[in-house]
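Undergrad: What follows is entry03.tsv; its format and atoms are TSV, C-alpha atoms.
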chain	number	residue	atom	x	y	z
F	17	PHE	CA	4.59	-11.28	-3.84
F	18	SER	CA	2.49	-11.84	-0.74
F	19	GLY	CA	4.25	-11.60	2.58
F	20	ALA	CA	3.76	-11.93	6.29
F	21	PRO	CA	1.02	-10.33	8.39
F	22	ALA	CA	1.67	-6.59	8.47
F	23	LEU	CA	0.30	-5.94	11.96
F	24	SER	CA	0.63	-7.71	15.29
F	25	ASP	CA	-2.50	-8.96	17.04
F	26	PHE	CA	-2.31	-5.97	19.40
F	27	ARG	CA	-2.18	-3.47	16.53
F	28	LEU	CA	-4.94	-5.33	14.67
F	29	GLU	CA	-7.19	-4.95	17.70
F	30	LYS	CA	-6.48	-1.21	17.81
F	31	VAL	CA	-7.19	-0.84	14.08
F	32	LEU	CA	-10.39	-2.88	14.37
F	33	ALA	CA	-11.60	-0.72	17.27
F	34	ALA	CA	-10.91	2.47	15.29
F	35	VAL	CA	-12.56	1.08	12.16
F	36	ARG	CA	-15.63	-0.06	14.12
F	37	GLU	CA	-16.11	3.47	15.45
F	38	ARG	CA	-16.73	4.57	11.86
F	39	ALA	CA	-18.16	1.36	10.39
F	40	PRO	CA	-19.68	-0.78	13.20
F	41	CYS	CA	-20.64	-3.57	10.81
F	42	ILE	CA	-17.00	-4.64	10.30
F	43	ASP	CA	-16.28	-7.75	12.38
F	44	SER	CA	-12.63	-8.42	11.66
F	45	VAL	CA	-9.52	-7.06	10.01
F	46	ASP	CA	-6.57	-9.06	8.71
F	47	THR	CA	-3.45	-7.79	6.97
F	48	ARG	CA	-0.63	-8.96	4.73
F	49	TYR	CA	2.35	-7.21	3.22
F	50	LEU	CA	2.20	-7.22	-0.56
F	51	HIS	CA	5.39	-6.58	-2.52
F	52	PHE	CA	5.40	-5.15	-6.02
F	53	VAL	CA	8.47	-5.53	-8.22
F	54	ALA	CA	9.38	-3.63	-11.38
F	55	THR	CA	12.02	-5.28	-13.55
F	56	THR	CA	13.93	-4.33	-16.66
F	57	LYS	CA	13.62	-7.88	-18.03
F	58	PRO	CA	11.92	-11.11	-16.98
F	59	LEU	CA	13.47	-12.73	-13.91
F	60	THR	CA	15.06	-16.16	-14.19
F	61	ASP	CA	13.80	-18.93	-11.92
F	62	GLY	CA	16.92	-18.49	-9.80
F	63	ASP	CA	16.36	-14.73	-9.53
F	64	THR	CA	12.75	-15.33	-8.51
F	65	GLN	CA	13.86	-17.71	-5.76
F	66	VAL	CA	16.35	-15.16	-4.43
F	67	LEU	CA	13.72	-12.44	-4.51
F	68	GLU	CA	11.16	-14.62	-2.75
F	69	SER	CA	13.67	-15.43	-0.01
F	70	LEU	CA	14.43	-11.72	0.44
F	71	LEU	CA	10.73	-10.92	0.75
F	72	ARG	CA	10.08	-13.71	3.27
F	73	TYR	CA	10.45	-11.91	6.60
F	74	GLY	CA	8.39	-11.32	9.70
F	75	PRO	CA	6.03	-13.72	11.46
F	76	THR	CA	4.53	-16.63	9.60
F	77	THR	CA	0.80	-17.15	9.43
F	78	GLN	CA	-0.98	-20.13	10.90
F	79	SER	CA	-4.15	-19.68	8.87
F	80	GLY	CA	-4.65	-19.78	5.14
F	81	ALA	CA	-5.07	-16.86	2.83
F	82	PRO	CA	-6.95	-13.94	4.36
F	83	ARG	CA	-10.54	-13.35	3.31
F	84	GLY	CA	-12.63	-10.22	3.07
F	85	ASP	CA	-12.98	-7.02	1.11
F	86	LEU	CA	-9.64	-5.54	0.12
F	87	LEU	CA	-8.23	-2.13	0.94
F	88	LEU	CA	-4.68	-1.91	-0.41
F	89	VAL	CA	-2.57	0.86	1.12
F	90	VAL	CA	0.51	1.79	-0.93
F	91	PRO	CA	2.87	4.76	-1.04
F	92	ARG	CA	1.50	7.74	-2.93
F	93	PHE	CA	1.92	7.36	-6.67
F	94	GLY	CA	4.85	9.35	-8.02
F	95	THR	CA	6.93	8.84	-4.85
F	96	VAL	CA	9.54	6.28	-3.84
F	97	SER	CA	9.28	5.18	-0.22
F	98	PRO	CA	12.37	4.87	1.99
F	99	TRP	CA	11.55	1.16	2.35
F	100	SER	CA	11.64	0.83	-1.43
F	101	SER	CA	15.02	2.51	-1.72
F	102	LYS	CA	16.61	0.18	0.83
F	103	ALA	CA	14.88	-2.98	-0.47
F	104	THR	CA	15.96	-2.21	-4.03
F	105	ASP	CA	19.55	-1.63	-2.89
F	106	ILE	CA	19.54	-4.98	-1.08
F	107	ALA	CA	18.19	-6.73	-4.18
F	108	HIS	CA	21.02	-5.26	-6.26
F	109	VAL	CA	23.63	-6.36	-3.70
F	110	CYS	CA	22.14	-9.88	-3.95
F	111	GLY	CA	22.73	-9.90	-7.71
F	112	LEU	CA	19.23	-8.98	-8.83
F	113	GLY	CA	20.28	-6.35	-11.37
F	114	ALA	CA	17.06	-6.79	-13.37
F	115	VAL	CA	15.06	-5.42	-10.42
F	116	SER	CA	14.56	-1.71	-10.99
F	117	ARG	CA	12.34	-1.16	-7.93
F	118	ILE	CA	10.59	-3.02	-5.13
F	119	GLU	CA	7.70	-1.37	-3.33
F	120	ARG	CA	5.60	-2.58	-0.40
F	121	GLY	CA	1.95	-2.13	0.46
F	122	ILE	CA	-0.35	-3.37	3.18
F	123	ALA	CA	-3.45	-5.31	2.19
F	124	TYR	CA	-6.27	-4.88	4.70
F	125	TYR	CA	-8.96	-7.55	4.47
F	126	LEU	CA	-12.23	-6.43	6.05
F	127	ARG	CA	-15.00	-8.83	6.98
F	128	ALA	CA	-18.55	-8.04	8.03
F	129	ASP	CA	-21.82	-9.83	8.55
F	130	ARG	CA	-23.22	-8.09	5.47
F	131	PRO	CA	-21.77	-6.83	2.17
F	132	LEU	CA	-19.70	-3.71	2.78
F	133	THR	CA	-20.88	-0.52	1.11
F	134	ALA	CA	-18.68	2.11	-0.49
F	135	ALA	CA	-19.30	4.27	2.61
F	136	ASP	CA	-18.09	1.45	4.89
F	137	MET	CA	-14.94	1.03	2.81
F	138	ALA	CA	-14.29	4.79	2.76
F	139	ALA	CA	-14.71	4.96	6.53
F	140	ALA	CA	-12.23	2.12	7.03
F	141	ALA	CA	-9.80	3.63	4.52
F	142	ALA	CA	-9.75	6.88	6.47
F	143	VAL	CA	-8.50	4.95	9.51
F	144	VAL	CA	-5.85	2.75	7.89
F	145	HIS	CA	-3.91	5.20	5.75
F	146	ASP	CA	-2.22	8.58	5.80
F	147	ARG	CA	-3.80	10.60	2.99
F	148	MET	CA	-0.71	12.80	2.65
F	149	THR	CA	1.71	9.96	1.89
F	150	GLU	CA	-0.38	6.96	0.86
F	151	ASN	CA	-3.02	5.86	-1.65
F	152	VAL	CA	-5.79	3.37	-0.98
F	153	LEU	CA	-6.60	1.01	-3.84
F	154	ASP	CA	-9.40	-1.49	-4.25
F	155	SER	CA	-7.44	-4.04	-6.29
F	156	VAL	CA	-3.94	-5.42	-6.61
F	157	ASP	CA	-3.95	-4.59	-10.34
F	158	ALA	CA	-4.33	-0.88	-9.54
F	159	ALA	CA	-0.91	-0.99	-7.88
F	160	ALA	CA	0.66	-0.82	-11.35
F	161	GLY	CA	0.35	2.95	-10.87
F	162	LEU	CA	3.27	2.72	-8.44
F	163	PHE	CA	5.63	2.31	-11.37
F	164	ALA	CA	4.00	4.69	-13.86
F	165	HIS	CA	6.18	7.49	-15.16
F	166	HIS	CA	4.58	10.81	-16.03
F	167	ALA	CA	6.05	13.90	-17.61
F	168	PRO	CA	6.42	16.75	-15.13
F	169	GLN	CA	3.71	19.36	-15.31
F	170	PRO	CA	4.78	22.87	-16.30
F	171	LEU	CA	5.30	25.36	-13.50
F	172	SER	CA	2.60	27.96	-13.18
F	173	THR	CA	2.22	30.91	-10.88
F	174	VAL	CA	-0.86	32.44	-9.34
F	175	PRO	CA	-0.71	36.21	-8.78
F	176	VAL	CA	-2.40	36.10	-5.36
F	177	LEU	CA	-0.81	39.30	-4.05
F	178	ALA	CA	-1.72	41.31	-7.13
F	179	GLN	CA	-5.17	39.81	-7.89
F	180	GLY	CA	-6.28	38.21	-4.60
F	181	ARG	CA	-8.71	35.35	-4.15
F	182	ALA	CA	-10.12	35.66	-7.67
F	183	SER	CA	-6.77	34.52	-9.07
F	184	LEU	CA	-6.96	31.34	-6.96
F	185	GLU	CA	-10.50	30.64	-8.02
F	186	ARG	CA	-9.59	31.13	-11.70
Show me this structure written as structure tokens.
TA:
Amino acid sequence: FSGAPALSDFRLEKVLAAVRERAPCIDSVDTRYLHFVATTKPLTDGDTQVLESLLRYGPTTQSGAPRGDLLLVVPRFGTVSPWSSKATDIAHVCGLGAVSRIERGIAYYLRADRPLTAADMAAAAAVVHDRMTENVLDSVDAAAGLFAHHAPQPLSTVPVLAQGRASLER
């Protein structure tokens, strides 16, 4: 579900200035919140309307759909953001029991006077996300990883005190 602009004009100007320091070819940045919903069963039309009304918040846009190359910033895979926890609780209180989780990302749309290279996109990504807590994706479809469940990896130990640096390198 697409939402409102994620950043104010003031914050967009700051982001654009920071991005242009690393990738001067980028002319403009626009943003939108994107909401991703995992359900245990298909939503009814009524449930979808309730969910859409819950996810309609913030300022409205005057222009049409944003244009440009996409950088999608989402919470790190394998984590549940605090926003997600609260949004999912609110959905349940509103009778949306089929919703197992709602997560939110920010879509950054970058425009330039020439096609953006992978280096341009990487430079912009470094500015718009926190690499410790967020992932940057290049498509909306890749956000399915937000809801992937993986088996925990087995615990392993590294005998650094007994074997030193060689144990880390091994």
Undergrad: Separation of atom CA of Ser44 of chain F and atom CA of Met148 of chain F, in Å?
TA: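 Interatomic distance here is 26.0 Å.
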Undergrad: Counting all atoms listed in the file, figure out which residue out of F:Ala54, F:Gly94, F:Val152, F:Tyr124 gets nearest to Pro168 of chain F.
TA: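 Comparing F:Ala54, F:Gly94, F:Val152, F:Tyr124 against Pro168 of chain F, the winner is F:Gly94.
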Undergrad: Identify, on the basis of all atoms listed in the file, every residue whose closest approach to Val90 of chain F does not exceed 7 Å; exclude the query and any residue fewer than 2 positions from it along the same chain; express the result as a PyMOL selection string.
TA: chain F and resi 88+92+120-122+150-152
Undergrad: Between atom CA of His166 of chain F and atom CA of Phe93 of chain F, what is the spacing in Å?
TA: 10.3 Å
Undergrad: Residues near Ala39 of chain F, anyone? I mean within 9 Å using all atoms listed in the file, not counting same-chain ones fewer than 6 positions away, as a PyMOL selection string.
TA: chain F and resi 135-137+139-140
Undergrad: Need the shell around Leu112 of chain F: protein/DNA/RNA residues with any atom at most 8 Å away, counting all atoms listed in the file. Skip same-chain ones fewer than 3 positions apart. Format as a list in words?
TA: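 Using all atoms listed in the file, the neighbours found are Asp63, Leu67, Ala107, His108, Val109 and Val115 of chain F.
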Undergrad: Which residues, written as a short mmCIF file (atom, residue, chain, number, x, y, z; two decimals) with C-alpha atoms, in the frame of the given file, have at least one atom at most 10 Å from segment 17-23 of chain F, with only C-alpha atoms counted and residues fewer than 3 positions away on the same chain left out?
TA:
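Written output follows (selection07.cif):
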data_model
loop_
_atom_site.label_atom_id
_atom_site.label_comp_id
_atom_site.auth_asym_id
_atom_site.auth_seq_id
_atom_site.Cartn_x
_atom_site.Cartn_y
_atom_site.Cartn_z
CA PHE F 26 -2.31 -5.97 19.40
CA ARG F 27 -2.18 -3.47 16.53
CA LEU F 28 -4.94 -5.33 14.67
CA GLU F 29 -7.19 -4.95 17.70
CA VAL F 31 -7.19 -0.84 14.08
CA ASP F 46 -6.57 -9.06 8.71
CA THR F 47 -3.45 -7.79 6.97
CA ARG F 48 -0.63 -8.96 4.73
CA TYR F 49 2.35 -7.21 3.22
CA LEU F 50 2.20 -7.22 -0.56
CA HIS F 51 5.39 -6.58 -2.52
CA PHE F 52 5.40 -5.15 -6.02
CA VAL F 53 8.47 -5.53 -8.22
CA LEU F 67 13.72 -12.44 -4.51
CA GLU F 68 11.16 -14.62 -2.75
CA LEU F 71 10.73 -10.92 0.75
CA ARG F 72 10.08 -13.71 3.27
CA TYR F 73 10.45 -11.91 6.60
CA GLY F 74 8.39 -11.32 9.70
CA PRO F 75 6.03 -13.72 11.46
CA THR F 76 4.53 -16.63 9.60
CA THR F 77 0.80 -17.15 9.43
CA ALA F 81 -5.07 -16.86 2.83
CA PRO F 82 -6.95 -13.94 4.36
CA ARG F 120 5.60 -2.58 -0.40
CA GLY F 121 1.95 -2.13 0.46
CA ILE F 122 -0.35 -3.37 3.18
CA ALA F 123 -3.45 -5.31 2.19
CA TYR F 124 -6.27 -4.88 4.70
#
Undergrad: Any idea what's packed within 10 Å of Arg117 of chain F, counting only C-alpha atoms, ignoring anything in its chain fewer than 3 positions away? Could you give it as an MDAnalysis selection string?
TA: chainID F and resid 52:56 96 100:105 107:108 114 162:163
Undergrad: Save N, CA and C atoms of segment 118-136 of chain F from the block above as a PDB file, in the first residue's frame.
TA:
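Once everything was written out, this is out.pdb:
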ATOM      1  N   ILE F 118       2.312  -5.818   9.762  1.00  0.00           N
ATOM      2  CA  ILE F 118       2.404  -4.685   8.844  1.00  0.00           C
ATOM      3  C   ILE F 118       3.794  -4.100   9.023  1.00  0.00           C
ATOM      4  N   GLU F 119       4.459  -3.822   7.944  1.00  0.00           N
ATOM      5  CA  GLU F 119       5.789  -3.209   8.017  1.00  0.00           C
ATOM      6  C   GLU F 119       5.796  -2.012   7.086  1.00  0.00           C
ATOM      7  N   ARG F 120       6.666  -1.048   7.374  1.00  0.00           N
ATOM      8  CA  ARG F 120       6.724   0.178   6.576  1.00  0.00           C
ATOM      9  C   ARG F 120       8.135   0.416   6.061  1.00  0.00           C
ATOM     10  N   GLY F 121       8.210   0.874   4.823  1.00  0.00           N
ATOM     11  CA  GLY F 121       9.472   1.269   4.222  1.00  0.00           C
ATOM     12  C   GLY F 121       9.339   2.647   3.623  1.00  0.00           C
ATOM     13  N   ILE F 122      10.465   3.207   3.237  1.00  0.00           N
ATOM     14  CA  ILE F 122      10.463   4.494   2.550  1.00  0.00           C
ATOM     15  C   ILE F 122      11.034   4.284   1.154  1.00  0.00           C
ATOM     16  N   ALA F 123      10.239   4.653   0.164  1.00  0.00           N
ATOM     17  CA  ALA F 123      10.677   4.586  -1.232  1.00  0.00           C
ATOM     18  C   ALA F 123      11.277   5.937  -1.596  1.00  0.00           C
ATOM     19  N   TYR F 124      12.542   5.919  -1.985  1.00  0.00           N
ATOM     20  CA  TYR F 124      13.225   7.122  -2.470  1.00  0.00           C
ATOM     21  C   TYR F 124      13.261   7.027  -3.994  1.00  0.00           C
ATOM     22  N   TYR F 125      12.770   8.064  -4.652  1.00  0.00           N
ATOM     23  CA  TYR F 125      12.776   8.122  -6.102  1.00  0.00           C
ATOM     24  C   TYR F 125      13.806   9.177  -6.513  1.00  0.00           C
ATOM     25  N   LEU F 126      14.844   8.734  -7.201  1.00  0.00           N
ATOM     26  CA  LEU F 126      15.949   9.609  -7.580  1.00  0.00           C
ATOM     27  C   LEU F 126      15.874   9.922  -9.066  1.00  0.00           C
ATOM     28  N   ARG F 127      16.003  11.196  -9.387  1.00  0.00           N
ATOM     29  CA  ARG F 127      15.985  11.606 -10.788  1.00  0.00           C
ATOM     30  C   ARG F 127      17.273  12.334 -11.125  1.00  0.00           C
ATOM     31  N   ALA F 128      17.733  12.117 -12.347  1.00  0.00           N
ATOM     32  CA  ALA F 128      18.963  12.743 -12.824  1.00  0.00           C
ATOM     33  C   ALA F 128      18.800  13.067 -14.298  1.00  0.00           C
ATOM     34  N   ASP F 129      19.748  13.836 -14.798  1.00  0.00           N
ATOM     35  CA  ASP F 129      19.694  14.210 -16.214  1.00  0.00           C
ATOM     36  C   ASP F 129      20.288  13.129 -17.115  1.00  0.00           C
ATOM     37  N   ARG F 130      20.740  12.058 -16.507  1.00  0.00           N
ATOM     38  CA  ARG F 130      21.277  10.920 -17.262  1.00  0.00           C
ATOM     39  C   ARG F 130      20.902   9.654 -16.508  1.00  0.00           C
ATOM     40  N   PRO F 131      20.995   8.492 -17.144  1.00  0.00           N
ATOM     41  CA  PRO F 131      20.709   7.239 -16.415  1.00  0.00           C
ATOM     42  C   PRO F 131      21.674   7.084 -15.238  1.00  0.00           C
ATOM     43  N   LEU F 132      21.130   6.697 -14.091  1.00  0.00           N
ATOM     44  CA  LEU F 132      21.954   6.519 -12.899  1.00  0.00           C
ATOM     45  C   LEU F 132      22.710   5.197 -12.975  1.00  0.00           C
ATOM     46  N   THR F 133      23.962   5.232 -12.585  1.00  0.00           N
ATOM     47  CA  THR F 133      24.793   4.030 -12.564  1.00  0.00           C
ATOM     48  C   THR F 133      24.633   3.327 -11.218  1.00  0.00           C
ATOM     49  N   ALA F 134      25.155   2.125 -11.142  1.00  0.00           N
ATOM     50  CA  ALA F 134      25.150   1.395  -9.877  1.00  0.00           C
ATOM     51  C   ALA F 134      25.931   2.170  -8.813  1.00  0.00           C
ATOM     52  N   ALA F 135      26.997   2.839  -9.207  1.00  0.00           N
ATOM     53  CA  ALA F 135      27.790   3.636  -8.261  1.00  0.00           C
ATOM     54  C   ALA F 135      26.984   4.827  -7.746  1.00  0.00           C
ATOM     55  N   ASP F 136      26.204   5.466  -8.616  1.00  0.00           N
ATOM     56  CA  ASP F 136      25.342   6.575  -8.190  1.00  0.00           C
ATOM     57  C   ASP F 136      24.316   6.082  -7.167  1.00  0.00           C
TER      58      ASP F 136
END
